[in-house]
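So this block is structure38.cif, mmCIF, C-alpha atoms:
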```cif
data_query
loop_
_atom_site.group_PDB
_atom_site.id
_atom_site.type_symbol
_atom_site.label_atom_id
_atom_site.label_comp_id
_atom_site.auth_asym_id
_atom_site.auth_seq_id
_atom_site.Cartn_x
_atom_site.Cartn_y
_atom_site.Cartn_z
ATOM 1 C CA MET A 98 48.695 155.391 184.222
ATOM 2 C CA ASN A 99 49.220 155.543 180.496
ATOM 3 C CA LYS A 100 50.909 152.173 180.579
ATOM 4 C CA LEU A 101 47.976 150.685 182.455
ATOM 5 C CA ILE A 102 45.534 151.969 179.846
ATOM 6 C CA ALA A 103 47.674 150.561 177.044
ATOM 7 C CA ARG A 104 47.735 147.164 178.738
ATOM 8 C CA LEU A 105 44.002 147.225 179.319
ATOM 9 C CA VAL A 106 43.409 148.068 175.662
ATOM 10 C CA LEU A 107 45.648 145.150 174.684
ATOM 11 C CA VAL A 108 43.747 142.743 176.935
ATOM 12 C CA VAL A 109 40.382 143.916 175.621
ATOM 13 C CA CYS A 110 41.616 143.577 172.018
ATOM 14 C CA GLY A 111 42.763 140.053 172.823
ATOM 15 C CA LEU A 112 39.383 139.146 174.290
ATOM 16 C CA LEU A 113 37.601 140.602 171.270
ATOM 17 C CA LEU A 114 39.794 138.536 168.941
ATOM 18 C CA ASN A 115 38.837 135.467 170.926
ATOM 19 C CA ALA A 116 35.158 136.313 170.490
ATOM 20 C CA VAL A 117 35.623 136.625 166.732
ATOM 21 C CA VAL A 118 37.244 133.216 166.562
ATOM 22 C CA PHE A 119 34.493 131.611 168.614
ATOM 23 C CA ALA A 120 31.798 133.205 166.504
ATOM 24 C CA GLN A 121 33.275 131.444 163.503
ATOM 25 C CA GLY A 122 33.312 128.142 165.349
ATOM 26 C CA ALA A 123 29.514 127.984 165.335
ATOM 27 C CA PRO A 124 27.972 124.609 164.440
ATOM 28 C CA GLU A 125 27.249 125.485 160.792
ATOM 29 C CA THR A 126 29.743 123.785 158.519
ATOM 30 C CA GLU A 127 29.437 126.381 155.810
ATOM 31 C CA GLY A 128 30.252 130.054 156.239
ATOM 32 C CA LEU A 129 32.884 132.549 155.284
ATOM 33 C CA MET A 130 35.740 131.100 157.330
ATOM 34 C CA ARG A 131 35.182 127.555 156.045
ATOM 35 C CA SER A 132 34.580 128.438 152.402
ATOM 36 C CA ASN A 133 37.067 128.506 149.551
ATOM 37 C CA GLY A 134 39.437 125.925 151.003
ATOM 38 C CA LYS A 135 39.550 127.823 154.329
ATOM 39 C CA ILE A 136 41.786 130.480 152.766
ATOM 40 C CA TYR A 137 40.079 133.077 154.973
ATOM 41 C CA VAL A 138 41.660 131.404 157.977
ATOM 42 C CA VAL A 139 45.072 132.174 156.492
ATOM 43 C CA VAL A 140 43.992 135.757 155.866
ATOM 44 C CA ALA A 141 42.826 136.061 159.483
ATOM 45 C CA VAL A 142 46.104 134.633 160.809
ATOM 46 C CA CYS A 143 48.194 136.950 158.639
ATOM 47 C CA LEU A 144 46.103 139.975 159.594
ATOM 48 C CA THR A 145 46.503 139.107 163.274
ATOM 49 C CA ILE A 146 50.284 138.867 162.874
ATOM 50 C CA LEU A 147 50.328 142.117 160.911
ATOM 51 C CA THR A 148 48.263 144.030 163.470
ATOM 52 C CA GLY A 149 50.364 142.592 166.274
ATOM 53 C CA LEU A 150 53.540 143.630 164.504
ATOM 54 C CA PHE A 151 52.267 147.148 163.869
ATOM 55 C CA LEU A 152 51.004 147.487 167.444
ATOM 56 C CA TYR A 153 54.438 146.431 168.703
ATOM 57 C CA VAL A 154 56.256 148.903 166.453
ATOM 58 C CA PHE A 155 53.773 151.615 167.421
ATOM 59 C CA LEU A 156 54.357 151.030 171.138
ATOM 60 C CA ILE A 157 58.142 151.192 170.640
ATOM 61 C CA ASP A 158 57.649 154.394 168.652
ATOM 62 C CA ARG A 159 55.657 155.919 171.509
ATOM 63 C CA LYS A 160 58.208 154.852 174.083
ATOM 64 C CA ILE A 161 61.009 156.513 172.116
ATOM 65 C CA SER A 162 58.931 159.669 171.645
ATOM 66 C CA LYS A 163 58.517 159.820 175.402
ATOM 67 C CA LEU A 164 62.261 159.375 175.929
ATOM 68 C CA GLU A 165 62.949 162.137 173.423
ATOM 69 C CA LYS A 166 60.634 164.465 175.299
ATOM 70 C CA ASP A 167 62.204 163.675 178.679
ATOM 71 C CA ASN A 168 65.719 164.363 177.474
ATOM 72 C CA MET B 299 50.036 162.910 164.384
ATOM 73 C CA LYS B 300 50.351 165.030 161.245
ATOM 74 C CA LYS B 301 53.814 163.703 160.482
ATOM 75 C CA ASN B 302 52.747 160.106 161.037
ATOM 76 C CA TRP B 303 50.305 159.664 158.154
ATOM 77 C CA TRP B 304 52.739 157.448 156.274
ATOM 78 C CA LYS B 305 52.854 154.969 159.161
ATOM 79 C CA ILE B 306 49.091 154.562 158.926
ATOM 80 C CA LEU B 307 49.366 154.359 155.145
ATOM 81 C CA SER B 308 51.871 151.546 155.579
ATOM 82 C CA LEU B 309 49.454 149.605 157.791
ATOM 83 C CA LEU B 310 46.572 150.139 155.359
ATOM 84 C CA LEU B 311 48.644 149.089 152.351
ATOM 85 C CA LEU B 312 49.836 145.932 154.091
ATOM 86 C CA VAL B 313 46.341 145.011 155.253
ATOM 87 C CA TYR B 314 45.251 145.487 151.638
ATOM 88 C CA THR B 315 48.189 143.355 150.505
ATOM 89 C CA VAL B 316 47.273 140.460 152.770
ATOM 90 C CA VAL B 317 43.546 140.569 152.053
ATOM 91 C CA ALA B 318 43.764 141.140 148.305
ATOM 92 C CA GLY B 319 46.931 139.082 147.991
ATOM 93 C CA PHE B 320 45.277 135.942 149.316
ATOM 94 C CA LEU B 321 41.775 136.385 147.964
ATOM 95 C CA THR B 322 42.072 137.644 144.386
ATOM 96 C CA LYS B 323 42.380 135.309 141.437
ATOM 97 C CA VAL B 324 45.894 134.755 140.129
ATOM 98 C CA PRO B 325 46.898 133.355 136.735
ATOM 99 C CA ASP B 326 47.431 129.605 137.082
ATOM 100 C CA LEU B 327 51.015 129.079 135.951
ATOM 101 C CA PRO B 328 52.440 125.562 135.706
ATOM 102 C CA ILE B 329 54.476 124.349 138.719
ATOM 103 C CA ILE B 330 54.058 127.653 140.572
ATOM 104 C CA HIS B 331 50.242 127.591 140.831
ATOM 105 C CA GLN B 332 49.015 129.487 143.899
ATOM 106 C CA SER B 333 52.547 130.134 145.164
ATOM 107 C CA ILE B 334 52.781 133.109 142.778
ATOM 108 C CA ARG B 335 51.142 134.985 145.655
ATOM 109 C CA ASN B 336 54.621 135.001 147.219
ATOM 110 C CA LEU B 337 55.246 137.867 144.822
ATOM 111 C CA TYR B 338 53.523 140.161 147.320
ATOM 112 C CA PHE B 339 55.855 139.074 150.110
ATOM 113 C CA HIS B 340 59.140 137.534 148.964
ATOM 114 C CA VAL B 341 59.785 139.979 146.101
ATOM 115 C CA CYS B 342 58.739 142.933 148.253
ATOM 116 C CA MET B 343 61.447 142.064 150.786
ATOM 117 C CA TRP B 344 64.077 142.502 148.077
ATOM 118 C CA PHE B 345 62.532 145.707 146.764
ATOM 119 C CA ALA B 346 62.412 147.171 150.260
ATOM 120 C CA MET B 347 66.001 146.010 150.824
ATOM 121 C CA MET B 348 67.195 147.788 147.696
ATOM 122 C CA ILE B 349 65.450 150.999 148.741
ATOM 123 C CA MET B 350 66.990 150.766 152.236
ATOM 124 C CA PHE B 351 70.466 150.335 150.717
ATOM 125 C CA ILE B 352 69.905 153.267 148.357
ATOM 126 C CA ILE B 353 68.950 155.481 151.319
ATOM 127 C CA SER B 354 71.972 154.232 153.250
ATOM 128 C CA PHE B 355 74.201 154.998 150.251
ATOM 129 C CA ILE B 356 72.848 158.553 150.041
ATOM 130 C CA TYR B 357 73.504 159.143 153.741
ATOM 131 C CA SER B 358 77.041 157.790 153.404
ATOM 132 C CA ILE B 359 77.723 160.347 150.673
ATOM 133 C CA LYS B 360 76.131 163.015 152.828
ATOM 134 C CA TYR B 361 78.389 162.014 155.705
ATOM 135 C CA LEU B 362 81.502 162.345 153.573
ATOM 136 C CA ARG B 363 80.377 165.773 152.381
ATOM 137 C CA THR B 364 79.391 167.173 155.775
ATOM 138 C CA SER B 365 81.202 165.025 158.400
ATOM 139 C CA ASP B 366 77.992 165.239 160.404
ATOM 140 C CA TYR B 367 77.897 162.195 162.687
ATOM 141 C CA ARG B 368 74.108 162.168 162.368
ATOM 142 C CA ASN B 369 74.393 161.100 158.723
ATOM 143 C CA ASP B 370 76.569 158.164 159.744
ATOM 144 C CA ILE B 371 73.894 156.996 162.187
ATOM 145 C CA PHE B 372 71.292 157.214 159.409
ATOM 146 C CA ALA B 373 73.506 155.280 156.996
ATOM 147 C CA VAL B 374 74.284 152.400 159.333
ATOM 148 C CA ASN B 375 70.722 151.917 160.535
ATOM 149 C CA PHE B 376 69.198 151.938 157.062
ATOM 150 C CA ALA B 377 71.857 149.426 156.000
ATOM 151 C CA ALA B 378 71.030 147.267 159.020
ATOM 152 C CA VAL B 379 67.322 147.158 158.209
ATOM 153 C CA GLY B 380 68.197 146.496 154.550
ATOM 154 C CA ALA B 381 70.413 143.559 155.483
ATOM 155 C CA PHE B 382 67.674 142.169 157.697
ATOM 156 C CA LEU B 383 65.176 142.387 154.822
ATOM 157 C CA GLY B 384 67.723 140.705 152.577
ATOM 158 C CA ILE B 385 67.997 137.774 154.988
ATOM 159 C CA LEU B 386 64.195 137.534 155.090
ATOM 160 C CA GLY B 387 64.090 137.638 151.284
ATOM 161 C CA TYR B 388 66.737 134.939 151.024
ATOM 162 C CA THR B 389 64.979 132.663 153.513
ATOM 163 C CA THR B 390 61.557 133.052 151.907
ATOM 164 C CA GLY B 391 63.150 132.476 148.511
ATOM 165 C CA ALA B 392 64.696 129.238 149.760
ATOM 166 C CA ILE B 393 61.312 128.037 150.991
ATOM 167 C CA TRP B 394 59.657 128.975 147.699
ATOM 168 C CA ALA B 395 62.404 127.328 145.636
ATOM 169 C CA ASN B 396 62.121 124.149 147.711
ATOM 170 C CA TYR B 397 58.576 123.582 146.431
ATOM 171 C CA THR B 398 58.883 124.891 142.883
ATOM 172 C CA TRP B 399 62.404 124.318 141.594
ATOM 173 C CA LEU B 400 62.774 120.760 142.845
ATOM 174 C CA THR B 401 61.240 118.627 140.120
ATOM 175 C CA ASP B 402 61.533 115.256 141.819
ATOM 176 C CA GLN B 403 62.157 113.912 145.296
ATOM 177 C CA SER B 404 65.670 112.648 144.564
ATOM 178 C CA GLN B 405 66.908 116.177 143.933
ATOM 179 C CA SER B 406 68.372 117.897 146.942
ATOM 180 C CA LEU B 407 67.765 121.539 147.651
ATOM 181 C CA GLY B 408 71.514 122.068 147.795
ATOM 182 C CA SER B 409 71.961 121.105 144.156
ATOM 183 C CA VAL B 410 69.290 123.566 143.071
ATOM 184 C CA LEU B 411 70.555 126.392 145.218
ATOM 185 C CA LYS B 412 73.762 126.678 143.179
ATOM 186 C CA GLU B 413 72.077 129.401 141.208
ATOM 187 C CA PRO B 414 73.584 132.623 139.847
ATOM 188 C CA LYS B 415 70.724 134.650 141.313
ATOM 189 C CA LEU B 416 71.087 133.093 144.750
ATOM 190 C CA ILE B 417 74.877 133.279 144.747
ATOM 191 C CA GLY B 418 74.661 136.910 143.638
ATOM 192 C CA ALA B 419 72.215 137.703 146.413
ATOM 193 C CA ALA B 420 74.427 135.913 148.942
ATOM 194 C CA ILE B 421 77.475 137.879 147.744
ATOM 195 C CA ALA B 422 75.569 141.151 148.088
ATOM 196 C CA LEU B 423 74.445 140.267 151.612
ATOM 197 C CA LEU B 424 77.949 139.177 152.632
ATOM 198 C CA ILE B 425 79.389 142.437 151.293
ATOM 199 C CA TYR B 426 76.990 144.306 153.527
ATOM 200 C CA GLY B 427 77.812 141.897 156.361
ATOM 201 C CA ALA B 428 81.431 142.966 156.005
ATOM 202 C CA TYR B 429 80.260 146.576 156.369
ATOM 203 C CA PHE B 430 79.074 145.854 159.895
ATOM 204 C CA VAL B 431 82.208 143.856 160.720
ATOM 205 C CA LEU B 432 84.289 146.780 159.465
ATOM 206 C CA ARG B 433 82.376 149.217 161.647
ATOM 207 C CA GLY B 434 82.839 147.003 164.673
ATOM 208 C CA SER B 435 86.587 146.861 164.236
ATOM 209 C CA PHE B 436 87.215 150.567 164.796
ATOM 210 C CA THR B 437 87.680 152.242 168.142
ATOM 211 C CA ASP B 438 88.103 155.743 166.759
ATOM 212 C CA MET B 439 84.672 157.139 165.946
ATOM 213 C CA ASP B 440 85.645 159.554 163.180
ATOM 214 C CA LYS B 441 87.745 156.977 161.422
ATOM 215 C CA LYS B 442 84.967 154.413 161.774
ATOM 216 C CA ALA B 443 82.394 156.738 160.257
ATOM 217 C CA ARG B 444 84.637 157.853 157.401
ATOM 218 C CA VAL B 445 86.045 154.469 156.374
ATOM 219 C CA SER B 446 82.701 152.710 156.656
ATOM 220 C CA ALA B 447 81.003 155.444 154.613
ATOM 221 C CA VAL B 448 83.520 154.873 151.826
ATOM 222 C CA TYR B 449 83.061 151.117 152.133
ATOM 223 C CA ASN B 450 79.279 151.525 151.994
ATOM 224 C CA ILE B 451 79.588 153.363 148.684
ATOM 225 C CA PHE B 452 81.668 150.519 147.237
ATOM 226 C CA ALA B 453 79.252 147.950 148.667
ATOM 227 C CA PHE B 454 76.394 149.738 146.951
ATOM 228 C CA ALA B 455 78.327 149.769 143.693
ATOM 229 C CA MET B 456 78.465 145.953 143.907
ATOM 230 C CA LEU B 457 74.817 145.517 144.937
ATOM 231 C CA PHE B 458 73.055 145.866 141.594
ATOM 232 C CA PRO B 459 75.644 144.019 139.514
ATOM 233 C CA SER B 460 75.534 141.036 141.859
ATOM 234 C CA ILE B 461 71.766 140.767 142.320
ATOM 235 C CA TRP B 462 70.559 141.938 138.896
ATOM 236 C CA ILE B 463 73.161 142.178 136.156
ATOM 237 C CA ILE B 464 75.252 139.005 136.574
ATOM 238 C CA PRO B 465 72.250 136.677 137.136
ATOM 239 C CA ARG B 466 70.710 138.028 133.943
ATOM 240 C CA MET B 467 73.814 137.329 131.899
ATOM 241 C CA VAL B 468 73.849 133.623 132.728
ATOM 242 C CA GLY B 469 71.126 130.999 132.848
ATOM 243 C CA SER B 470 69.084 130.706 136.010
ATOM 244 C CA LEU B 471 65.877 129.138 137.231
ATOM 245 C CA HIS B 472 64.953 132.409 138.831
ATOM 246 C CA PRO B 473 62.556 134.558 136.777
ATOM 247 C CA GLY B 474 64.426 137.211 134.851
ATOM 248 C CA ALA B 475 67.293 135.074 133.619
ATOM 249 C CA PRO B 476 67.632 134.229 129.907
ATOM 250 C CA GLY B 477 67.546 130.489 130.697
ATOM 251 C CA SER B 478 64.219 130.577 132.508
ATOM 252 C CA ASP B 479 60.864 130.114 130.842
ATOM 253 C CA SER B 480 59.626 133.504 131.860
ATOM 254 C CA GLY B 481 62.245 135.282 129.805
ATOM 255 C CA ASN B 482 63.577 138.712 130.526
ATOM 256 C CA PRO B 483 62.698 140.899 132.402
ATOM 257 C CA ALA B 484 61.513 139.319 135.642
ATOM 258 C CA LEU B 485 58.149 141.017 135.651
ATOM 259 C CA ASN B 486 57.059 139.759 132.253
ATOM 260 C CA ALA B 487 53.795 141.480 131.389
ATOM 261 C CA GLN B 488 52.236 138.602 129.470
ATOM 262 C CA LYS B 489 53.273 135.584 131.477
ATOM 263 C CA ASP B 490 54.314 136.446 134.988
ATOM 264 C CA LEU B 491 52.266 139.349 136.074
ATOM 265 C CA ASP B 492 48.825 140.352 134.929
ATOM 266 C CA SER B 493 47.390 143.785 135.590
ATOM 267 C CA ALA B 494 45.367 142.603 138.594
ATOM 268 C CA MET B 495 48.541 141.391 140.263
ATOM 269 C CA ARG B 496 50.298 144.651 139.553
ATOM 270 C CA MET B 497 47.504 146.443 141.415
ATOM 271 C CA ILE B 498 48.502 144.482 144.509
ATOM 272 C CA PHE B 499 52.239 144.176 143.936
ATOM 273 C CA TYR B 500 53.060 147.883 143.696
ATOM 274 C CA PRO B 501 51.064 148.901 146.793
ATOM 275 C CA ALA B 502 52.690 145.950 148.584
ATOM 276 C CA VAL B 503 56.168 147.236 147.708
ATOM 277 C CA ILE B 504 55.261 150.696 149.001
ATOM 278 C CA GLY B 505 53.701 149.262 152.179
ATOM 279 C CA TRP B 506 56.670 147.052 153.050
ATOM 280 C CA THR B 507 59.086 149.878 152.257
ATOM 281 C CA LEU B 508 57.248 152.303 154.535
ATOM 282 C CA LEU B 509 57.251 149.730 157.346
ATOM 283 C CA SER B 510 61.003 149.243 156.875
ATOM 284 C CA VAL B 511 61.597 152.980 156.938
ATOM 285 C CA TRP B 512 59.557 153.197 160.117
ATOM 286 C CA ILE B 513 61.628 150.500 161.822
ATOM 287 C CA ALA B 514 64.831 152.189 160.608
ATOM 288 C CA THR B 515 63.726 155.549 162.018
ATOM 289 C CA LEU B 516 63.054 153.887 165.380
ATOM 290 C CA LYS B 517 66.582 152.476 165.423
ATOM 291 C CA ILE B 518 67.974 155.868 164.415
ATOM 292 C CA ARG B 519 66.062 157.677 167.145
ATOM 293 C CA ILE B 520 67.347 155.262 169.784
ATOM 294 C CA GLN B 521 70.913 155.769 168.551
ATOM 295 C CA LEU B 522 70.495 159.553 168.529
ATOM 296 C CA LEU B 523 69.256 159.425 172.119
ATOM 297 C CA LYS B 524 72.201 157.239 173.145
ATOM 298 C CA ASP B 525 74.774 159.448 171.444
ATOM 299 C CA LYS B 526 73.275 162.710 172.592
ATOM 300 C CA THR B 527 76.446 163.755 174.371
ATOM 301 C CA LEU B 528 78.499 163.080 171.261
ATOM 302 C CA LEU B 529 76.220 165.216 169.117
ATOM 303 C CA HIS B 530 76.796 168.284 171.317
ATOM 304 C CA GLU B 531 73.182 169.102 171.927
#
```
So that I can check it, write out the structure of this file as C-alpha cells.
Amino acid sequence: MNKLIARLVLVVCGLLLNAVVFAQGAPETEGLMRSNGKIYVVVAVCLTILTGLFLYVFLIDRKISKLEKDN
Amino acid sequence: MKKNWWKILSLLLLVYTVVAGFLTKVPDLPIIHQSIRNLYFHVCMWFAMMIMFIISFIYSIKYLRTSDYRNDIFAVNFAAVGAFLGILGYTTGAIWANYTWLTDQSQSLGSVLKEPKLIGAAIALLIYGAYFVLRGSFTDMDKKARVSAVYNIFAFAMLFPSIWIIPRMVGSLHPGAPGSDSGNPALNAQKDLDSAMRMIFYPAVIGWTLLSVWIATLKIRIQLLKDKTLLHE
C-alpha cells in the first residue's frame, strides 16, 4: 500500500513538473524562463536533477529503515 | 524525523547552491569568465572527498583501538564515497580545464593535463584505489580489517601531501600554485573569490558534504544488515 502511494506521489509530481514546463512555453517571448540568456532554464534543469537525486536517496533510506525494522 | 534534520538541511543548502550559484553576479575574470561558478560544484567535490577520507581515517584508528568490526565497515564505506567524489572531482576538473587551460586549438588536452595538481590528485586516488584492491585480496576477515585499517592510515598520510603540498611547491596552472596568476593560496581573497561567492561556496561545501555523509550512512546500514550474523546481534 505504502509503495503504491509513493508511486502515485511520484506520478503526480511528474505531471506537475510537466505543467510548469508548459506554463513557461506560453506564446510570450519574454518572461522569466527566457530572460537573462535563458540561465533560468539551467537552474530549472539542475533543480530537477537535484530533487530527483534527493528523492531517490530518500526512498533508499526509507527502504533500509524498513529492512532494519523487520530484522 | 528528529535525527534527520541534517538531510533536509543538505537539500536546502544544495537548492540554495544551485539557485544562488547560477543567478548571482560573479567577478568577471579573464579566460575563466562565467565558468568560475564551477567553484560551487567542482571544488566542493574535492572538499567533500577530503572530509570523507578524514572520517574514514578516524574510523580506521578506532578499529585498531577497539577491533570492533563495525568501525571497519564505517571506514571502508566512507572511503568508498570519498573515492567516488574524487573521481567526480577529477572528471569535472578535466572538463573545466579543457575550456580554460587550452589557449589555442592546436594544443591537446593531454599536454595540458601533465600538471602537478592533476598528477597529485591521480596519485591520491590510485592510493585509495589500492586500498579497495587490498581489501578484496583477503579471505580472512580479521586480517582484512586490520591490514586495511593500517593501509588506510598510510593512504591518508599521503593524501594531503599529494593533493596540496607538492602541487604548491612546483608551478601549476591550477589555482594555488606559485606559477599561476592567482598566487597562493587557492582561495585568494582579492582575485579569486569575493565575499558574495564565499557566501555560496561555504554553504555549498557543507551541503555536498552532508549529502555524501548521507549516502555513506546508507551504504553502512546495508552492510550492517548484511553482516548481522557476524556482528553477534
Could you name the residues that touch stretch 134-150 of chain A at 9 Å or less, counting only C-alpha atoms, but leaving out those on the same chain fewer than 2 positions away, as a PDB file with C-alpha atoms, in the frame of the given file?
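Saved file out38.pdb follows:
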```pdb
ATOM      1  CA  LEU A 114      39.794 138.536 168.941  1.00  0.00           C
ATOM      2  CA  LEU A 129      32.884 132.549 155.284  1.00  0.00           C
ATOM      3  CA  MET A 130      35.740 131.100 157.330  1.00  0.00           C
ATOM      4  CA  ARG A 131      35.182 127.555 156.045  1.00  0.00           C
ATOM      5  CA  SER A 132      34.580 128.438 152.402  1.00  0.00           C
ATOM      6  CA  LEU A 152      51.004 147.487 167.444  1.00  0.00           C
ATOM      7  CA  TYR A 153      54.438 146.431 168.703  1.00  0.00           C
ATOM      8  CA  VAL A 154      56.256 148.903 166.453  1.00  0.00           C
ATOM      9  CA  PHE A 155      53.773 151.615 167.421  1.00  0.00           C
TER      10      PHE A 155
ATOM     11  CA  LEU B 309      49.454 149.605 157.791  1.00  0.00           C
ATOM     12  CA  LEU B 312      49.836 145.932 154.091  1.00  0.00           C
ATOM     13  CA  VAL B 313      46.341 145.011 155.253  1.00  0.00           C
ATOM     14  CA  VAL B 316      47.273 140.460 152.770  1.00  0.00           C
ATOM     15  CA  VAL B 317      43.546 140.569 152.053  1.00  0.00           C
ATOM     16  CA  PHE B 320      45.277 135.942 149.316  1.00  0.00           C
ATOM     17  CA  LEU B 321      41.775 136.385 147.964  1.00  0.00           C
TER      18      LEU B 321
END
```
Task: Residues selected by the PyMOL selection byres ((chain B and resi 507) around 8), written as a list in words - done: Phe345, Ala346, Ile349, Met350, Val503, Ile504, Gly505, Trp506, Leu508, Leu509, Ser510 and Val511 of chain B
Task: Selection under test: the PyMOL selection byres ((chain B and resi 436-450) around 12); residues as a VMD selection string - done: chain B and resid 351 to 374 376 to 378 422 425 to 435 451 to 457 525 528
Would you mind exporting C-alpha atoms of the selected residues as a short mmCIF file (atom, residue, chain, number, x, y, z; two decimals), in the frame of the given file?
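Writing the result to result_4.cif gives the following:
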```
data_model
loop_
_atom_site.label_atom_id
_atom_site.label_comp_id
_atom_site.auth_asym_id
_atom_site.auth_seq_id
_atom_site.Cartn_x
_atom_site.Cartn_y
_atom_site.Cartn_z
CA PHE B 351 70.47 150.34 150.72
CA ILE B 352 69.90 153.27 148.36
CA ILE B 353 68.95 155.48 151.32
CA SER B 354 71.97 154.23 153.25
CA PHE B 355 74.20 155.00 150.25
CA ILE B 356 72.85 158.55 150.04
CA TYR B 357 73.50 159.14 153.74
CA SER B 358 77.04 157.79 153.40
CA ILE B 359 77.72 160.35 150.67
CA LYS B 360 76.13 163.01 152.83
CA TYR B 361 78.39 162.01 155.71
CA LEU B 362 81.50 162.34 153.57
CA ARG B 363 80.38 165.77 152.38
CA THR B 364 79.39 167.17 155.78
CA SER B 365 81.20 165.02 158.40
CA ASP B 366 77.99 165.24 160.40
CA TYR B 367 77.90 162.20 162.69
CA ARG B 368 74.11 162.17 162.37
CA ASN B 369 74.39 161.10 158.72
CA ASP B 370 76.57 158.16 159.74
CA ILE B 371 73.89 157.00 162.19
CA PHE B 372 71.29 157.21 159.41
CA ALA B 373 73.51 155.28 157.00
CA VAL B 374 74.28 152.40 159.33
CA PHE B 376 69.20 151.94 157.06
CA ALA B 377 71.86 149.43 156.00
CA ALA B 378 71.03 147.27 159.02
CA ALA B 422 75.57 141.15 148.09
CA ILE B 425 79.39 142.44 151.29
CA TYR B 426 76.99 144.31 153.53
CA GLY B 427 77.81 141.90 156.36
CA ALA B 428 81.43 142.97 156.00
CA TYR B 429 80.26 146.58 156.37
CA PHE B 430 79.07 145.85 159.90
CA VAL B 431 82.21 143.86 160.72
CA LEU B 432 84.29 146.78 159.46
CA ARG B 433 82.38 149.22 161.65
CA GLY B 434 82.84 147.00 164.67
CA SER B 435 86.59 146.86 164.24
CA ILE B 451 79.59 153.36 148.68
CA PHE B 452 81.67 150.52 147.24
CA ALA B 453 79.25 147.95 148.67
CA PHE B 454 76.39 149.74 146.95
CA ALA B 455 78.33 149.77 143.69
CA MET B 456 78.46 145.95 143.91
CA LEU B 457 74.82 145.52 144.94
CA ASP B 525 74.77 159.45 171.44
CA LEU B 528 78.50 163.08 171.26
#
```
Need the axis-aligned box for stretch 147-153 of chain A with 4 Å each side, so what are the centre and edges in Å to one decimal, as AutoDock Vina command-line options?
```
--center_x 51.4 --center_y 144.8 --center_z 164.8 --size_x 14.2 --size_y 13.4 --size_z 15.8
```
Task: Residue list as a VMD selection string for point (55.2, 133.5, 144.5), cut-off 12 Å, only C-alpha atoms - done: chain B and resid 319 to 320 324 to 327 329 to 342 387 390 to 395 397 to 398 472 to 473 485 490 to 491 495 499
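When atom CA of B:Ala419 is paired with atom CA of B:Ile385, their separation reads 9.6 Å.
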Open item on the list: When you count all atoms listed in the file, which of these residues is closest to chain A: B:Leu411, B:Leu523, B:Ala502, B:Ile421?
Closed with: B:Leu523
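Atom CA of B:Pro414 is positioned 9.8 Å from atom CA of B:Trp462.
For the atom pair formed by atom CA of B:Ile464 and atom CA of B:Arg496, the distance is 25.8 Å, given to one decimal.
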